[in-house]
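Student: This is the structure, below, for whatever I ask next.
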Amino acid sequence: MALKRRNKVSAEFSMSSMTDLIFLLLLFFVMASTMSSPNDIKINLPQARAKTSTKHVAAKVSIDNLGNYSVALGKAKPERIAAEQLEGYLVEALGNDSTAYIALHADEDIAYKEVVRVLDIANQHHLKLVIATKK
């Protein structure tokens with residue numbers, strides 16, 4: 001009695017597990033890229049040799065190379081405002097918080113008067129100001 005085996009080994013490859021893996025990787029990278037929040041405002045900061053850091057930055061004032069102002073309170077997204085509205089916006093947001101710092105991110109190509117405007121506002125309302133630079 002001779003029995004023949006009917007099981008033949010197939011040389012096929014199933015792509016379903018490979019597509020699942022690619023889909024999961026794609027999903028991971030899409031979600032990871034949306035969680036990071038890059039700086040939307042492109043500013044070319046001036047360089048400095050000294051390195052200092054502040055612990056409690058309450059507001060970030062950014063001035064781009066065209067003279068446009070943006071303010072971000074805490075970790076919020078930057079909001080574009082007019083130069084005339086800056087003083088009222090900062091005073092309303094920070095009040096008389098003596099521990100809070102304002103970080104000034106000014107492009108190195110803007111007019112000096114724009115930086116002085118923010119310095120004057122901080123000085124008039126007794127707010128602490130830090131000027132951001134590159135390493």
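So you can find residues: chains in the structure tokens are A, B, ... in the order shown, residues in each start at 1, and ligands are numbered from 1 in order.
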DSSP on the backbone, alpha helix (DSSP H) only: what residues of chain A does that give? Format it as JSON, numbers by chain.

Tutor: {"A": [16, 17, 18, 19, 20, 21, 22, 23, 24, 25, 26, 27, 28, 29, 30, 31, 32, 33, 34, 35, 86, 87, 88, 89, 90, 91, 92, 93, 94, 112, 113, 114, 115, 116, 117, 118, 119, 120, 121, 122, 123, 124]}

Student: The selected residues should be written to file as a CSV table (one decimal), in the first residue's frame (atoms: N, CA and C atoms).

Tutor:
chain,number,residue,atom,x,y,z
A,16,SER,N,0.4,40.5,3.6
A,16,SER,CA,-0.5,41.1,4.5
A,16,SER,C,0.2,41.6,5.8
A,17,SER,N,1.1,40.8,6.3
A,17,SER,CA,1.8,41.2,7.6
A,17,SER,C,2.7,42.3,7.3
A,18,MET,N,3.3,42.3,6.1
A,18,MET,CA,4.3,43.4,5.8
A,18,MET,C,3.5,44.7,5.6
A,19,THR,N,2.4,44.7,5.0
A,19,THR,CA,1.6,45.9,4.8
A,19,THR,C,1.1,46.4,6.1
A,20,ASP,N,0.7,45.5,7.0
A,20,ASP,CA,0.3,45.9,8.4
A,20,ASP,C,1.4,46.7,9.1
A,21,LEU,N,2.6,46.1,9.0
A,21,LEU,CA,3.8,46.8,9.6
A,21,LEU,C,4.1,48.1,9.0
A,22,ILE,N,4.0,48.3,7.7
A,22,ILE,CA,4.3,49.6,7.0
A,22,ILE,C,3.2,50.6,7.4
A,23,PHE,N,1.9,50.1,7.5
A,23,PHE,CA,0.8,51.0,7.9
A,23,PHE,C,1.0,51.5,9.3
A,24,LEU,N,1.5,50.6,10.2
A,24,LEU,CA,1.7,51.0,11.6
A,24,LEU,C,2.9,52.0,11.7
A,25,LEU,N,3.9,51.8,11.0
A,25,LEU,CA,5.0,52.8,10.9
A,25,LEU,C,4.6,54.1,10.4
A,26,LEU,N,3.8,54.1,9.3
A,26,LEU,CA,3.3,55.3,8.7
A,26,LEU,C,2.4,56.1,9.7
A,27,LEU,N,1.6,55.4,10.4
A,27,LEU,CA,0.7,56.0,11.4
A,27,LEU,C,1.5,56.6,12.6
A,28,PHE,N,2.6,55.9,13.0
A,28,PHE,CA,3.4,56.4,14.1
A,28,PHE,C,4.1,57.7,13.7
A,29,PHE,N,4.7,57.7,12.5
A,29,PHE,CA,5.4,58.9,12.1
A,29,PHE,C,4.4,60.1,11.8
A,30,VAL,N,3.2,59.8,11.3
A,30,VAL,CA,2.3,60.9,11.1
A,30,VAL,C,1.9,61.5,12.5
A,31,MET,N,1.6,60.7,13.5
A,31,MET,CA,1.2,61.2,14.8
A,31,MET,C,2.4,61.8,15.5
A,32,ALA,N,3.6,61.3,15.3
A,32,ALA,CA,4.7,61.9,16.0
A,32,ALA,C,5.0,63.3,15.4
A,33,SER,N,4.9,63.4,14.1
A,33,SER,CA,5.1,64.7,13.5
A,33,SER,C,4.1,65.8,13.9
A,34,THR,N,2.9,65.4,14.1
A,34,THR,CA,1.9,66.4,14.5
A,34,THR,C,2.1,66.8,16.0
A,35,MET,N,2.7,66.0,16.8
A,35,MET,CA,2.9,66.3,18.2
A,35,MET,C,4.0,67.3,18.4
A,86,LEU,N,0.9,95.9,21.3
A,86,LEU,CA,1.8,95.1,22.1
A,86,LEU,C,1.8,95.5,23.5
A,87,GLU,N,1.8,96.8,23.9
A,87,GLU,CA,1.8,97.2,25.3
A,87,GLU,C,0.6,96.7,26.0
A,88,GLY,N,-0.6,97.0,25.5
A,88,GLY,CA,-1.8,96.6,26.1
A,88,GLY,C,-1.9,95.1,26.3
A,89,TYR,N,-1.5,94.4,25.3
A,89,TYR,CA,-1.5,92.9,25.3
A,89,TYR,C,-0.6,92.3,26.4
A,90,LEU,N,0.6,92.8,26.5
A,90,LEU,CA,1.5,92.3,27.5
A,90,LEU,C,1.1,92.7,28.9
A,91,VAL,N,0.6,93.9,29.1
A,91,VAL,CA,0.2,94.4,30.4
A,91,VAL,C,-1.1,93.6,30.9
A,92,GLU,N,-2.0,93.3,30.0
A,92,GLU,CA,-3.2,92.6,30.3
A,92,GLU,C,-2.8,91.1,30.6
A,93,ALA,N,-1.9,90.5,29.9
A,93,ALA,CA,-1.6,89.1,30.0
A,93,ALA,C,-0.7,88.9,31.3
A,94,LEU,N,0.2,89.8,31.5
A,94,LEU,CA,1.2,89.5,32.6
A,94,LEU,C,0.8,90.3,33.9
A,112,TYR,N,16.8,98.8,15.0
A,112,TYR,CA,17.0,98.8,16.4
A,112,TYR,C,15.8,99.4,17.2
A,113,LYS,N,15.1,100.3,16.5
A,113,LYS,CA,14.0,101.0,17.2
A,113,LYS,C,12.9,100.0,17.6
A,114,GLU,N,12.8,98.9,16.9
A,114,GLU,CA,11.7,97.9,17.2
A,114,GLU,C,12.1,97.2,18.5
A,115,VAL,N,13.4,96.9,18.7
A,115,VAL,CA,13.8,96.3,20.0
A,115,VAL,C,13.7,97.3,21.1
A,116,VAL,N,14.0,98.5,20.9
A,116,VAL,CA,13.9,99.6,21.9
A,116,VAL,C,12.4,99.7,22.3
A,117,ARG,N,11.5,99.6,21.4
A,117,ARG,CA,10.1,99.7,21.7
A,117,ARG,C,9.7,98.7,22.7
A,118,VAL,N,10.1,97.5,22.6
A,118,VAL,CA,9.8,96.4,23.5
A,118,VAL,C,10.5,96.6,24.8
A,119,LEU,N,11.7,97.1,24.8
A,119,LEU,CA,12.4,97.4,26.0
A,119,LEU,C,11.8,98.5,26.8
A,120,ASP,N,11.3,99.5,26.1
A,120,ASP,CA,10.5,100.6,26.8
A,120,ASP,C,9.3,100.1,27.5
A,121,ILE,N,8.5,99.3,26.8
A,121,ILE,CA,7.3,98.7,27.3
A,121,ILE,C,7.6,97.9,28.6
A,122,ALA,N,8.6,97.1,28.6
A,122,ALA,CA,9.0,96.3,29.7
A,122,ALA,C,9.5,97.2,30.9
A,123,ASN,N,10.2,98.3,30.6
A,123,ASN,CA,10.7,99.2,31.6
A,123,ASN,C,9.6,100.0,32.2
A,124,GLN,N,8.7,100.5,31.4
A,124,GLN,CA,7.6,101.3,31.9
A,124,GLN,C,6.7,100.5,32.9

Student: Write out as a VMD selection string each polymer residue whose atoms come within 9 Å of A:Asn68, counting only C-alpha atoms; drop sequence neighbours fewer than 2 positions from it.

Tutor: chain A and resid 62 to 66 70 80 to 83

Student: Write out as a list in words the set of residues from chain A that DSSP, computed on the backbone, places in strand (DSSP E or B).

Tutor: Gln47, Val57, Ala58, Ala59, Lys60, Val61, Ser62, Ile63, Tyr69, Ser70, Val71, Ala72, Leu73, Glu79, Arg80, Ile81, Tyr101, Ile102, Ala103, Leu104, His105, Ala106, Lys128, Leu129, Val130, Ile131 and Lys134 of chain A

Student: Could you check which of A:His56, A:Lys4, A:Lys128, A:Lys135 is closest to A:Gly74, using only C-alpha atoms?

Tutor: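 Closest to A:Gly74, using only C-alpha atoms: A:His56.
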
Student: What is the atom CA of A:His126 to atom CA of A:Ala59 distance in Å?

Tutor: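 Between atom CA of A:His126 and atom CA of A:Ala59 the gap is 14.4 Å.
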
Student: One number please: atom CA of A:Tyr101 to atom CA of A:Glu84, in Å, one decimal.

Tutor: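 The value is 20.6 Å.
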
Student: Just to confirm, what's the straight-line distance from atom CA of A:Leu127 to atom CA of A:Val57 in Å (one decimal)?

Tutor: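 A separation of 11.4 Å between them.
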
Student: Taking only C-alpha atoms into account, name the residue in A:Val130, A:Met15, A:Val71, A:Leu104 that is nearest to A:Gln85.

Tutor: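 Looking at the shortest contact to A:Gln85, the residue is A:Val71.
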